[in-house]
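For reference, final_27.txt (compact mmCIF, C-alpha atoms and all ligand atoms):
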```txt
# COMPACT_ATOMS: atom_id res chain seq x y z
CA MET A 1 34.37 30.07 -61.61
CA ASP A 2 34.78 27.44 -64.29
CA THR A 3 32.62 26.77 -67.31
CA ALA A 4 31.10 23.64 -65.79
CA ARG A 5 29.80 25.58 -62.81
CA LEU A 6 28.51 28.38 -65.03
CA ASN A 7 26.66 25.89 -67.19
CA GLU A 8 25.20 24.35 -64.08
CA ILE A 9 23.83 27.72 -62.98
CA VAL A 10 22.44 28.44 -66.42
CA GLU A 11 20.86 25.01 -66.76
CA ARG A 12 18.97 25.41 -63.54
CA TYR A 13 16.54 27.55 -65.49
CA PRO A 14 14.25 26.09 -68.15
CA ALA A 15 14.24 29.43 -69.99
CA PRO A 16 17.61 30.94 -69.08
CA ALA A 17 17.22 34.07 -71.21
CA GLY A 18 14.32 35.15 -68.98
CA LYS A 19 16.34 34.48 -65.86
CA ILE A 20 19.36 36.62 -66.53
CA LEU A 21 19.10 38.44 -63.24
CA GLY A 22 18.95 35.17 -61.30
CA ILE A 23 22.02 33.90 -63.09
CA LEU A 24 23.99 37.11 -62.58
CA GLU A 25 22.98 37.14 -58.94
CA GLN A 26 24.33 33.65 -58.43
CA VAL A 27 27.61 34.57 -60.08
CA GLN A 28 27.90 37.70 -57.96
CA ARG A 29 27.33 35.64 -54.82
CA GLU A 30 29.81 32.94 -55.68
CA VAL A 31 32.55 34.98 -57.30
CA GLY A 32 32.03 38.18 -55.38
CA TYR A 33 31.69 40.25 -58.55
CA LEU A 34 30.85 39.94 -62.24
CA PRO A 35 34.09 39.32 -64.10
CA LYS A 36 34.24 40.50 -67.69
CA ASP A 37 35.06 37.08 -69.13
CA ILE A 38 32.06 35.57 -67.39
CA LEU A 39 29.78 38.25 -68.79
CA GLN A 40 31.22 37.55 -72.24
CA PHE A 41 30.66 33.83 -71.79
CA LEU A 42 27.08 34.36 -70.60
CA ALA A 43 26.27 36.69 -73.48
CA LYS A 44 27.15 33.92 -75.94
CA ARG A 45 25.56 31.18 -73.87
CA LEU A 46 22.28 33.06 -73.35
CA GLU A 47 22.27 34.62 -76.80
CA VAL A 48 21.91 38.15 -75.52
CA SER A 49 24.19 41.03 -76.31
CA LEU A 50 27.07 41.84 -74.01
CA SER A 51 25.78 45.40 -73.90
CA GLU A 52 22.56 44.17 -72.34
CA LEU A 53 24.34 42.25 -69.60
CA TYR A 54 26.60 45.20 -68.92
CA SER A 55 23.55 47.43 -68.74
CA LEU A 56 21.95 45.20 -66.10
CA ALA A 57 25.20 44.84 -64.21
CA THR A 58 25.57 48.61 -63.94
CA PHE A 59 21.91 49.26 -63.17
CA TYR A 60 21.51 47.16 -60.04
CA SER A 61 23.59 48.20 -57.07
CA PHE A 62 23.78 44.56 -55.98
CA PHE A 63 26.21 43.81 -58.80
CA THR A 64 29.80 44.92 -58.88
CA LEU A 65 32.25 44.74 -61.74
CA ALA A 66 35.29 44.67 -59.50
CA PRO A 67 36.10 42.13 -56.81
CA LEU A 68 34.76 42.85 -53.35
CA GLY A 69 36.80 42.29 -50.24
CA GLU A 70 35.80 39.81 -47.57
CA HIS A 71 34.04 42.51 -45.54
CA VAL A 72 32.24 45.39 -47.17
CA VAL A 73 32.11 48.69 -45.31
CA THR A 74 29.39 50.93 -46.68
CA VAL A 75 29.03 54.52 -45.59
CA CYS A 76 25.62 56.07 -45.94
CA MET A 77 25.77 59.23 -48.02
CA GLY A 78 22.11 60.10 -47.72
CA THR A 79 21.25 63.69 -46.90
CA ALA A 80 20.99 63.25 -43.12
CA CYS A 81 24.24 61.29 -42.83
CA HIS A 82 25.98 63.69 -45.14
CA VAL A 83 25.03 66.62 -42.96
CA LYS A 84 26.03 64.70 -39.83
CA GLY A 85 29.53 64.08 -41.07
CA ALA A 86 29.60 61.10 -43.43
CA PRO A 87 32.41 62.63 -45.54
CA GLU A 88 34.68 62.64 -42.47
CA LEU A 89 33.84 58.99 -41.88
CA VAL A 90 34.87 58.18 -45.44
CA ALA A 91 38.11 60.09 -45.03
CA THR A 92 38.86 58.26 -41.77
CA LEU A 93 38.04 54.88 -43.26
CA LYS A 94 40.26 55.52 -46.25
CA ARG A 95 43.11 56.33 -43.92
CA LEU A 96 42.54 53.38 -41.60
CA LEU A 97 42.19 50.92 -44.45
CA GLY A 98 45.05 52.34 -46.45
CA VAL A 99 42.93 52.83 -49.54
CA GLU A 100 43.57 56.45 -50.17
CA VAL A 101 43.84 56.36 -53.93
CA ASP A 102 40.76 57.95 -55.33
CA GLU A 103 39.18 55.71 -57.88
CA VAL A 104 35.93 57.54 -58.19
CA THR A 105 33.92 56.47 -61.19
CA ARG A 106 32.05 58.90 -63.39
CA ASP A 107 28.92 58.77 -61.31
CA GLY A 108 30.75 59.60 -58.10
CA LYS A 109 30.57 56.04 -56.78
CA PHE A 110 33.68 54.45 -55.39
CA LEU A 111 34.70 50.97 -54.51
CA LEU A 112 38.04 50.69 -52.77
CA THR A 113 39.48 47.37 -51.74
CA THR A 114 42.43 46.77 -49.44
CA GLU A 115 45.46 45.05 -50.88
CA ASP A 116 44.85 41.89 -48.88
CA ASN A 117 41.23 41.80 -50.06
CA HIS A 118 40.04 41.92 -46.49
CA PHE A 119 37.93 45.08 -46.74
CA SER A 120 36.10 46.98 -49.42
CA LEU A 121 34.91 50.50 -48.85
CA THR A 122 31.96 51.92 -50.70
CA SER A 123 29.07 54.31 -50.25
CA ALA A 124 25.33 54.10 -50.66
CA ARG A 125 22.32 56.35 -50.60
CA CYS A 126 20.07 56.39 -47.58
CA PHE A 127 19.90 53.19 -45.54
CA GLY A 128 16.61 54.33 -44.03
CA ALA A 129 18.28 54.75 -40.65
CA CYS A 130 18.48 58.53 -40.62
CA SER A 131 17.51 58.76 -36.94
CA MET A 132 20.91 57.25 -36.12
CA ALA A 133 22.85 59.40 -38.56
CA PRO A 134 25.59 59.12 -39.50
CA VAL A 135 25.46 55.40 -40.12
CA LEU A 136 27.75 52.87 -41.66
CA ARG A 137 27.29 49.23 -42.42
CA VAL A 138 29.79 46.43 -42.30
CA ASP A 139 28.45 43.49 -44.25
CA ASN A 140 24.91 43.26 -42.87
CA LYS A 141 25.49 45.02 -39.59
CA ILE A 142 24.44 48.63 -39.14
CA PHE A 143 26.29 50.99 -36.81
CA GLY A 144 24.71 54.31 -35.85
CA TYR A 145 25.85 57.64 -34.35
CA ILE A 146 29.33 57.06 -35.67
CA THR A 147 32.18 59.38 -34.96
CA PRO A 148 35.62 58.90 -36.55
CA ASP A 149 37.16 57.81 -33.23
CA ARG A 150 34.73 54.91 -32.92
CA ILE A 151 35.68 53.40 -36.27
CA PRO A 152 38.85 51.45 -35.29
CA ALA A 153 36.91 49.47 -32.65
CA ILE A 154 34.23 48.60 -35.17
CA LEU A 155 36.75 47.50 -37.79
CA GLU A 156 38.57 45.36 -35.25
CA GLN A 157 35.44 43.23 -34.89
CA PHE A 158 35.97 42.29 -38.51
CA GLY A 159 39.62 41.48 -38.28
CA TRP A 160 41.16 44.89 -38.85
CA LYS A 161 44.72 45.20 -37.60
CA GLU A 162 46.26 48.60 -37.44
CA SER A 163 49.69 47.34 -38.39
CA GLN A 164 48.35 45.47 -41.39
CA HIS A 165 45.81 47.80 -42.91
CA ARG A 166 46.58 51.33 -41.93
CA GLY A 167 47.91 53.47 -44.72
CA SER A 168 50.91 55.70 -44.26
CA MET B 1 -11.02 53.20 -91.93
CA THR B 2 -12.08 55.42 -89.08
CA GLN B 3 -12.19 59.12 -88.42
CA VAL B 4 -10.56 61.09 -85.66
CA ILE B 5 -10.74 64.80 -84.98
CA ILE B 6 -7.47 66.59 -84.36
CA ASP B 7 -7.65 70.26 -83.42
CA GLY B 8 -11.16 70.36 -84.82
CA LYS B 9 -10.12 68.86 -88.14
CA PRO B 10 -11.60 65.51 -89.20
CA CYS B 11 -8.80 63.15 -90.27
CA ALA B 12 -9.04 59.72 -91.83
CA ALA B 13 -7.09 57.05 -89.98
CA GLU B 14 -6.66 53.32 -89.83
CA GLU B 15 -8.23 51.76 -86.78
CA GLY B 16 -5.51 51.40 -84.15
CA GLU B 17 -3.05 53.65 -85.96
CA THR B 18 -0.87 55.86 -83.78
CA LEU B 19 -2.40 59.28 -83.38
CA LEU B 20 1.00 60.93 -83.76
CA VAL B 21 1.36 59.36 -87.21
CA VAL B 22 -2.10 60.51 -88.26
CA ALA B 23 -1.36 64.04 -87.10
CA ARG B 24 1.95 64.16 -88.93
CA ARG B 25 0.32 62.95 -92.13
CA GLU B 26 -2.13 65.81 -91.79
CA GLY B 27 0.69 68.28 -91.42
CA ILE B 28 0.08 68.86 -87.70
CA ASP B 29 3.46 69.21 -86.09
CA ILE B 30 3.46 67.55 -82.69
CA PRO B 31 6.97 67.61 -81.25
CA ALA B 32 8.27 64.12 -80.49
CA PHE B 33 11.71 62.75 -79.72
CA CYS B 34 11.46 59.07 -78.98
CA PHE B 35 9.14 57.97 -81.76
CA GLU B 36 10.31 55.95 -84.75
CA GLU B 37 7.75 54.28 -86.96
CA SER B 38 9.74 51.10 -87.35
CA LEU B 39 9.79 50.52 -83.59
CA ALA B 40 7.03 49.99 -81.05
CA SER B 41 5.93 53.19 -79.31
CA TYR B 42 7.98 53.84 -76.24
CA GLY B 43 6.39 56.87 -74.58
CA ALA B 44 9.67 57.94 -73.03
CA CYS B 45 10.24 61.54 -74.03
CA ARG B 46 6.75 62.83 -73.12
CA MET B 47 7.07 65.58 -75.72
CA CYS B 48 4.14 64.42 -77.87
CA LEU B 49 1.45 65.13 -75.28
CA VAL B 50 -2.08 65.80 -76.50
CA GLU B 51 -5.38 66.18 -74.74
CA VAL B 52 -8.14 63.69 -75.39
CA VAL B 53 -11.39 65.63 -75.22
CA LYS B 54 -13.59 62.82 -76.51
CA GLY B 55 -12.64 59.20 -76.31
CA ALA B 56 -12.27 56.23 -74.05
CA ARG B 57 -9.91 57.95 -71.64
CA PRO B 58 -10.19 61.74 -71.64
CA GLY B 59 -7.23 63.69 -70.34
CA ILE B 60 -3.64 64.38 -71.28
CA THR B 61 -1.66 61.53 -72.75
CA THR B 62 1.16 60.80 -75.17
CA SER B 63 0.00 60.77 -78.80
CA CYS B 64 2.62 58.17 -79.75
CA THR B 65 0.86 55.62 -77.56
CA LEU B 66 -2.68 56.74 -78.39
CA GLN B 67 -4.54 54.62 -80.88
CA ALA B 68 -6.96 56.03 -83.39
CA ALA B 69 -10.54 54.96 -82.79
CA ASP B 70 -13.86 56.19 -84.04
CA GLY B 71 -15.03 59.34 -82.34
CA LEU B 72 -11.63 60.14 -80.86
CA GLU B 73 -11.12 63.86 -80.57
CA VAL B 74 -7.88 65.45 -79.43
CA LEU B 75 -6.31 68.86 -79.05
CA THR B 76 -2.59 69.17 -79.65
CA GLU B 77 -1.94 72.57 -78.18
CA THR B 78 -3.83 73.88 -75.16
CA PRO B 79 -2.45 76.22 -72.49
CA GLU B 80 -2.01 73.24 -70.21
CA ILE B 81 -0.12 71.20 -72.81
CA THR B 82 2.04 74.17 -73.72
CA GLY B 83 2.90 74.59 -70.04
CA LEU B 84 3.87 70.95 -69.73
CA ARG B 85 5.94 71.05 -72.88
CA LYS B 86 7.78 74.15 -71.69
CA ALA B 87 8.66 72.42 -68.43
CA LEU B 88 9.91 69.42 -70.39
CA ILE B 89 11.96 71.64 -72.64
CA GLU B 90 13.61 73.17 -69.58
CA LEU B 91 14.51 69.72 -68.34
CA TYR B 92 15.93 68.77 -71.72
CA LEU B 93 17.91 72.00 -71.93
CA ALA B 94 19.52 70.97 -68.65
CA GLN B 95 20.16 67.39 -69.69
CA ALA B 96 21.42 68.14 -73.19
CA PRO B 97 22.54 71.76 -73.29
CA ARG B 98 24.30 71.40 -76.64
CA ALA B 99 21.44 69.78 -78.55
CA GLU B 100 20.42 72.02 -81.43
CA SER B 101 17.02 70.38 -81.90
CA ILE B 102 16.18 71.04 -78.27
CA LYS B 103 17.27 74.64 -78.58
CA ALA B 104 15.14 75.00 -81.70
CA LEU B 105 12.13 73.66 -79.86
CA ALA B 106 12.87 76.00 -76.97
CA ARG B 107 12.79 78.90 -79.41
CA ARG B 108 9.50 77.69 -80.86
CA TYR B 109 7.96 77.64 -77.40
CA GLY B 110 9.63 80.81 -76.22
CA VAL B 111 11.66 79.06 -73.53
CA GLU B 112 14.71 81.22 -72.95
CA LYS B 113 16.48 79.47 -70.15
CA THR B 114 16.26 76.54 -67.82
CA ARG B 115 15.77 76.64 -64.09
CA PHE B 116 17.62 73.36 -63.71
CA ALA B 117 21.35 72.79 -63.43
CA ARG B 118 22.77 72.32 -66.91
CA LYS B 119 24.68 69.10 -67.18
CA VAL B 120 27.89 69.77 -69.04
CA VAL B 121 30.32 66.88 -69.12
CA LYS B 122 33.80 67.46 -70.46
CA GLU B 123 34.65 65.24 -73.40
CA ASP B 124 31.20 63.69 -73.39
CA PRO B 125 31.16 61.06 -76.16
CA LEU B 126 27.62 62.21 -76.93
CA GLN B 127 28.60 65.87 -77.06
CA ASN B 128 26.23 66.91 -74.26
CA ARG B 129 23.36 66.26 -76.58
CA CYS B 130 21.92 62.94 -75.45
CA ILE B 131 18.42 63.03 -73.99
CA LEU B 132 18.36 59.26 -73.32
CA CYS B 133 15.39 58.70 -75.59
CA GLY B 134 16.64 55.18 -76.21
CA LEU B 135 16.15 55.18 -79.97
CA CYS B 136 19.75 54.33 -80.79
CA VAL B 137 19.76 51.42 -78.35
CA ARG B 138 16.52 50.05 -79.73
CA VAL B 139 17.39 50.48 -83.38
CA CYS B 140 20.77 48.82 -82.85
CA GLY B 141 19.28 45.91 -80.93
CA GLU B 142 15.79 45.40 -82.28
CA ILE B 143 16.20 46.38 -85.91
CA MET B 144 19.84 45.79 -86.78
CA GLY B 145 20.16 42.89 -84.35
CA ALA B 146 23.62 44.05 -83.28
CA GLY B 147 23.03 45.24 -79.72
CA ALA B 148 26.34 47.08 -79.65
CA ILE B 149 25.21 49.78 -77.25
CA ASN B 150 22.93 50.05 -74.27
CA TYR B 151 22.07 52.10 -71.23
CA ILE B 152 24.80 52.11 -68.60
CA GLY B 153 24.21 52.98 -64.95
CA ARG B 154 21.04 54.49 -63.62
CA GLY B 155 19.30 57.65 -62.53
CA GLN B 156 20.92 60.94 -63.34
CA PHE B 157 24.15 59.17 -64.27
CA THR B 158 22.65 57.01 -66.99
CA GLU B 159 24.61 57.03 -70.21
CA ILE B 160 24.56 55.22 -73.51
CA ASN B 161 27.71 53.51 -74.69
CA THR B 162 29.37 50.18 -75.45
CA PRO B 163 29.93 47.63 -72.65
CA PHE B 164 32.98 48.48 -70.52
CA TYR B 165 33.39 51.62 -72.63
CA GLU B 166 35.46 49.56 -75.00
CA GLU B 167 35.45 49.09 -78.75
CA ASN B 168 32.68 46.62 -79.50
CA GLU B 169 32.91 44.12 -82.31
CA ALA B 170 29.14 43.73 -82.31
CA CYS B 171 28.97 47.14 -84.02
CA MET B 172 28.59 46.89 -87.81
CA GLY B 173 29.25 50.57 -88.32
CA CYS B 174 25.89 50.92 -90.07
CA GLY B 175 25.17 54.29 -88.50
CA ALA B 176 21.49 53.54 -87.92
CA CYS B 177 21.92 54.99 -84.41
CA ALA B 178 23.12 58.31 -85.75
CA GLU B 179 20.32 58.24 -88.30
CA VAL B 180 17.56 58.00 -85.69
CA CYS B 181 19.09 60.17 -82.97
CA PRO B 182 16.77 63.16 -82.53
CA THR B 183 19.51 65.41 -81.24
CA GLY B 184 22.47 64.61 -83.48
CA ALA B 185 24.42 63.33 -80.50
CA ILE B 186 26.20 60.44 -82.16
CA ALA B 187 29.48 61.14 -83.93
CA LEU B 188 31.08 58.90 -86.51
CA GLU B 189 33.78 59.57 -89.03
CA ASP B 190 35.12 57.80 -92.11
CA ARG B 191 38.92 57.86 -92.19
CA THR B 192 39.96 56.47 -95.57
CA ASP B 193 39.46 52.73 -95.09
CA THR B 194 37.95 52.78 -91.60
CA ARG B 195 34.76 54.01 -90.05
CA VAL B 196 35.28 55.30 -86.54
CA MET B 197 32.23 55.32 -84.26
CA LYS B 198 33.53 58.15 -82.14
CA SER B 199 30.65 58.16 -79.67
CA TRP B 200 30.85 54.41 -79.15
CA SER B 201 34.25 54.16 -77.53
CA GLU B 202 35.99 54.78 -80.85
CA THR B 203 34.86 51.43 -82.25
CA LYS B 204 36.56 50.94 -85.59
CA VAL B 205 34.95 49.16 -88.51
CA PRO B 206 36.74 48.49 -91.82
CA LEU B 207 35.20 49.97 -94.96
CA ALA B 208 34.64 47.91 -98.10
CA ARG B 209 36.38 49.03 -101.28
CA CYS B 210 34.56 49.15 -104.59
CA ALA B 211 36.00 46.52 -106.92
CA ALA B 212 35.51 48.81 -109.92
CA CYS B 213 36.34 52.39 -108.92
CA GLY B 214 38.26 51.77 -105.72
CA THR B 215 36.37 54.10 -103.42
CA PHE B 216 35.62 52.98 -99.88
CA PHE B 217 31.88 52.91 -99.64
CA ALA B 218 30.33 50.97 -96.75
CA PRO B 219 31.40 49.15 -93.61
CA VAL B 220 32.37 45.54 -94.39
CA PRO B 221 30.14 43.89 -91.77
CA PHE B 222 27.24 46.01 -92.90
CA THR B 223 27.62 45.04 -96.57
CA ARG B 224 27.51 41.42 -95.40
CA TYR B 225 24.38 42.16 -93.42
CA ALA B 226 22.82 43.93 -96.38
CA HIS B 227 23.52 41.01 -98.73
CA GLU B 228 22.04 38.53 -96.31
CA LYS B 229 19.07 40.41 -94.98
CA LEU B 230 18.15 43.27 -97.26
CA ASP B 231 19.09 42.12 -100.70
CA PRO B 232 19.69 38.38 -100.76
CA GLY B 233 19.00 38.13 -104.50
CA ILE B 234 21.85 40.42 -105.52
CA LEU B 235 24.20 39.10 -108.19
CA ASP B 236 27.62 38.09 -106.96
CA ALA B 237 29.23 40.33 -109.54
CA LEU B 238 27.51 43.36 -108.05
CA LYS B 239 28.30 42.62 -104.43
CA ASP B 240 31.68 44.27 -104.28
CA LEU B 241 30.68 47.39 -106.15
CA CYS B 242 29.81 50.74 -104.64
CA PRO B 243 26.26 51.97 -105.30
CA ALA B 244 27.33 54.16 -108.22
CA CYS B 245 29.29 51.43 -109.99
CA ARG B 246 26.58 48.95 -109.15
CA SER B 247 23.91 50.92 -110.93
CA LYS B 248 26.27 51.50 -113.85
CA ALA B 249 26.92 47.79 -114.11
CA ALA B 250 23.25 46.99 -113.81
CA ALA B 251 22.33 49.57 -116.43
CA ARG B 252 24.97 48.24 -118.78
CA LYS B 253 23.61 44.79 -118.40
CA ALA B 254 20.10 45.98 -119.10
CA ILE B 255 21.19 47.82 -122.22
CA LEU B 256 23.12 44.85 -123.54
CA LEU B 257 20.17 42.60 -122.86
CA LYS B 258 17.89 44.88 -124.87
CA LYS B 259 20.37 45.31 -127.69
CA GLU B 260 21.54 41.85 -128.34
CA GLY B 261 19.03 39.68 -126.59
CA VAL B 262 21.84 37.71 -125.03
CA ILE B 263 23.20 37.57 -121.53
CA PRO B 264 26.35 39.66 -121.63
CA PRO B 265 29.56 38.67 -119.90
CA GLU B 266 30.03 39.85 -116.30
CA PRO B 267 30.95 43.50 -116.10
CA GLU B 268 34.71 43.75 -116.26
CA LEU B 269 36.18 44.79 -112.96
CA GLN B 270 39.39 46.64 -112.42
CA ALA B 271 41.19 45.92 -109.20
S1 LIG C 301 22.28 59.18 -78.36
FE1 LIG C 301 20.53 60.10 -79.44
S2 LIG C 301 19.26 58.33 -80.01
FE2 LIG C 301 20.67 57.60 -78.41
S3 LIG C 301 19.53 57.87 -76.48
FE3 LIG C 301 20.77 59.73 -76.77
S4 LIG C 301 19.37 61.18 -77.82
FE4 LIG C 301 18.46 59.13 -78.03
S1 LIG C 302 7.26 60.53 -78.94
FE1 LIG C 302 5.66 60.12 -77.54
S2 LIG C 302 6.66 60.05 -75.65
FE2 LIG C 302 8.30 60.36 -77.04
```
Written as structure tokens, how would this file's structure read?
Amino acid sequence: MDTARLNEIVERYPAPAGKILGILEQVQREVGYLPKDILQFLAKRLEVSLSELYSLATFYSFFTLAPLGEHVVTVCMGTACHVKGAPELVATLKRLLGVEVDEVTRDGKFLLTTEDNHFSLTSARCFGACSMAPVLRVDNKIFGYITPDRIPAILEQFGWKESQHRGS
Amino acid sequence: MTQVIIDGKPCAAEEGETLLVVARREGIDIPAFCFEESLASYGACRMCLVEVVKGARPGITTSCTLQAADGLEVLTETPEITGLRKALIELYLAQAPRAESIKALARRYGVEKTRFARKVVKEDPLQNRCILCGLCVRVCGEIMGAGAINYIGRGQFTEINTPFYEENEACMGCGACAEVCPTGAIALEDRTDTRVMKSWSETKVPLARCAACGTFFAPVPFTRYAHEKLDPGILDALKDLCPACRSKAAARKAILLKKEGVIPPEPELQA
């Protein structure tokens, strides 16, 4: 995203400092994440500290600090899904997507993206769909009663190709 | 002036003054972690609970957010309050198991252990002492105007640090954060010519050297801040001196002024 576009987003608001979340949201939508240099630019432009922007960016789960792939696969790690086998789903997904490196952040969250940027894998707390546990979501679509053997078919709907994505 | 009654004792107070401040002035020790007179009341730590027995809103509330008003009567230690404080102490013992001030409070209230899982993080920049009271963040942002640190993350994983956990040039190395921290969580260290903010991602700030005696005395950005904001009238000749040499120079000037009635030359400075 270039400076002109950023300025355009900022200028949409008469009092931009009060609209930080709106601005960050737009950046997240257009860029797919909140790049560090954009946060630095916005801190100067909006006259707020970088620490404040970083604080907001890490507070809301909508924001990510790393690029997201084209399709985001989210596994529910709520209590019901956990009990019903969510960890196995994560393990299977990691294998199928070839993103086995563990890049777990301090708070236990993870965001793994395939090399071709086609998929990102992450987890979330309860989707509110416990009756269909375990559930996973691809983009905005929810899939319930998931077992590991059903996952390849689901991924294929989103352009997964075994030869291309599967890890060794 | 108005009068409030704390634990049966009539106390003079300014209208609207914080009850916690009134109590402290009267020597009544209400425990409190997130209160700092120079900042607006925050009501975050919940430690300063009191019970309003007469007043606009009777019941248990935080004394740091309670304003003195005529006829207000509070109790600072009832069985119910003690019970609540003990529960809070247990929570704090779990959150900040290495905090000496929490342990001291636990002793005062006879709390021997916590029922909650103690959170011990290896190599925690805040030494497993941070209770997330927010004072350091607010002092750095609202008072010093630096905003070098802030909350990161949310819920039980919330931490305080610099953005991206990187050295932050917004930090002036003033140490106001460490000064207000109620649990001594923030570590900083002066290494010859550099101040290292160990808790804040090892942010390094150069120290200014006294033009007269050569000791390193204060972080460079902070001396600039002090000259601009705290002491704009200071003589140029005194700016690069450490506090000891500065008072010597000032005293010398005063003596010479008295003695000879003339403005003396600038104090001679050795490099
Ligand atoms: S480091 Fe100290 S001042 Fe800062 S939030 Fe933690 S306990 Fe409060
Ligand atoms: S001092 Fe009142 S809530 Fe912290």
For the interface of chain B with ligand LIG 302 (chain C) (cut-off 6 Å, counting all atoms listed in the file), please tabulate each contacting residue of chain B alongside its nearest pair of atoms and their separation in Å to one decimal, rows sorted by chain and increasing number, as a tab-separated table.
```
residue	atom	partner	partner_atom	distance
B:Ala32	CA	C:LIG302	S1	4.0
B:Phe33	CA	C:LIG302	FE2	5.0
B:Cys34	CA	C:LIG302	FE2	3.9
B:Phe35	CA	C:LIG302	S1	4.2
B:Gly43	CA	C:LIG302	S2	3.4
B:Ala44	CA	C:LIG302	S2	4.5
B:Cys45	CA	C:LIG302	FE2	3.8
B:Arg46	CA	C:LIG302	S2	3.8
B:Met47	CA	C:LIG302	FE2	5.5
B:Cys48	CA	C:LIG302	FE1	4.6
B:Thr62	CA	C:LIG302	FE1	5.1
B:Ser63	CA	C:LIG302	FE1	5.8
B:Cys64	CA	C:LIG302	FE1	4.2
```
Given all atoms listed in the file as the counted atoms, nearest of B:Pro163, B:Gly59, B:Gly184, B:Gly16 to ligand LIG 301 (chain C):
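Smallest separation from ligand LIG 301 (chain C) among the options: B:Gly184.
Among the candidates A:Gln28, A:Ser123, A:Thr3, A:Thr64, the residue lying nearest to chain B is A:Thr64 (atoms considered: only C-alpha atoms).
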Select from chain B every residue with an atom at most 7 Å from any atom of ligand LIG 301 (chain C), then for each give the shortest pair of atoms and their distance in Å to one decimal, using only C-alpha atoms and all ligand atoms, rows by chain and rising number, as a Markdown table.
```
| residue | atom | partner | partner_atom | distance |
| --- | --- | --- | --- | --- |
| B:Leu126 | CA | C:LIG301 | S1 | 6.3 |
| B:Arg129 | CA | C:LIG301 | S4 | 6.6 |
| B:Cys130 | CA | C:LIG301 | FE3 | 3.7 |
| B:Ile131 | CA | C:LIG301 | S4 | 4.4 |
| B:Leu132 | CA | C:LIG301 | S3 | 3.6 |
| B:Cys133 | CA | C:LIG301 | FE4 | 3.9 |
| B:Gly134 | CA | C:LIG301 | S3 | 4.0 |
| B:Leu135 | CA | C:LIG301 | S2 | 4.4 |
| B:Cys136 | CA | C:LIG301 | S2 | 4.1 |
| B:Val137 | CA | C:LIG301 | FE2 | 6.2 |
| B:Ile160 | CA | C:LIG301 | S3 | 6.4 |
| B:Cys177 | CA | C:LIG301 | S2 | 6.1 |
| B:Ala178 | CA | C:LIG301 | S2 | 6.9 |
| B:Val180 | CA | C:LIG301 | S2 | 5.9 |
| B:Cys181 | CA | C:LIG301 | S2 | 3.5 |
| B:Pro182 | CA | C:LIG301 | S4 | 5.7 |
| B:Thr183 | CA | C:LIG301 | S4 | 5.4 |
| B:Gly184 | CA | C:LIG301 | FE1 | 6.4 |
| B:Ala185 | CA | C:LIG301 | S1 | 5.1 |
| B:Ile186 | CA | C:LIG301 | S1 | 5.6 |
```
Find the residues near Ser55 of chain A: any atom within 7 Å, counting all atoms listed in the file, skip ones fewer than 3 places away on the same chain, and give them as a list in words.
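Contacts, with the query itself left out: Ser51, Glu52, Thr58 and Phe59 of chain A; Asn150, Tyr151, Ile152 and Gly153 of chain B.
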Those same residues, written as a PDB file, in the frame of the given file with C-alpha atoms?
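Just written: out_11.pdb:
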```
ATOM      1  CA  SER A  51      25.780  45.400 -73.900  1.00  0.00           C
ATOM      2  CA  GLU A  52      22.560  44.170 -72.340  1.00  0.00           C
ATOM      3  CA  THR A  58      25.570  48.610 -63.940  1.00  0.00           C
ATOM      4  CA  PHE A  59      21.910  49.260 -63.170  1.00  0.00           C
TER       5      PHE A  59
ATOM      6  CA  ASN B 150      22.930  50.050 -74.270  1.00  0.00           C
ATOM      7  CA  TYR B 151      22.070  52.100 -71.230  1.00  0.00           C
ATOM      8  CA  ILE B 152      24.800  52.110 -68.600  1.00  0.00           C
ATOM      9  CA  GLY B 153      24.210  52.980 -64.950  1.00  0.00           C
TER      10      GLY B 153
END
```
Please check the contacts: residues of chain B at most 12 Å away from chain A, using all atoms listed in the file, listed as an MDAnalysis selection string.
chainID B and resid 121:122 124 137:138 140:142 145:171 200
Point-to-point distance from atom CA of Val135 of chain A to atom CA of Leu93 of chain A, Å rounded to tenths:
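Taking atom CA of Val135 of chain A as the start and atom CA of Leu93 of chain A as the end point, the length is 13.0 Å.
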Which protein, DNA or RNA residues are at most 12 Å from (36.3, 38.5, -65.3) in the file's coordinates when you count all atoms listed in the file, listed as number ranges by chain?
A: 1-2, 27-28, 31-42, 64-67; B: 164
Selection above as a file: C-alpha atoms, as a compact mmCIF listing (two decimals), in the frame of the given file:
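Saved to result-v1.txt:
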```
# COMPACT_ATOMS: atom_id res chain seq x y z
CA MET A 1 34.37 30.07 -61.61
CA ASP A 2 34.78 27.44 -64.29
CA VAL A 27 27.61 34.57 -60.08
CA GLN A 28 27.90 37.70 -57.96
CA VAL A 31 32.55 34.98 -57.30
CA GLY A 32 32.03 38.18 -55.38
CA TYR A 33 31.69 40.25 -58.55
CA LEU A 34 30.85 39.94 -62.24
CA PRO A 35 34.09 39.32 -64.10
CA LYS A 36 34.24 40.50 -67.69
CA ASP A 37 35.06 37.08 -69.13
CA ILE A 38 32.06 35.57 -67.39
CA LEU A 39 29.78 38.25 -68.79
CA GLN A 40 31.22 37.55 -72.24
CA PHE A 41 30.66 33.83 -71.79
CA LEU A 42 27.08 34.36 -70.60
CA THR A 64 29.80 44.92 -58.88
CA LEU A 65 32.25 44.74 -61.74
CA ALA A 66 35.29 44.67 -59.50
CA PRO A 67 36.10 42.13 -56.81
CA PHE B 164 32.98 48.48 -70.52
```
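Relative to atom CA of Leu46 of chain A, atom CA of Pro232 of chain B is found at 28.0 Å.
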For Ile30 of chain B, work out the shell of residues within 9 Å, counting all atoms listed in the file and skipping chain neighbours fewer than 5 positions away, then give it as a PyMOL selection string.
chain B and resi 20+23-24+47-50+63+76-77
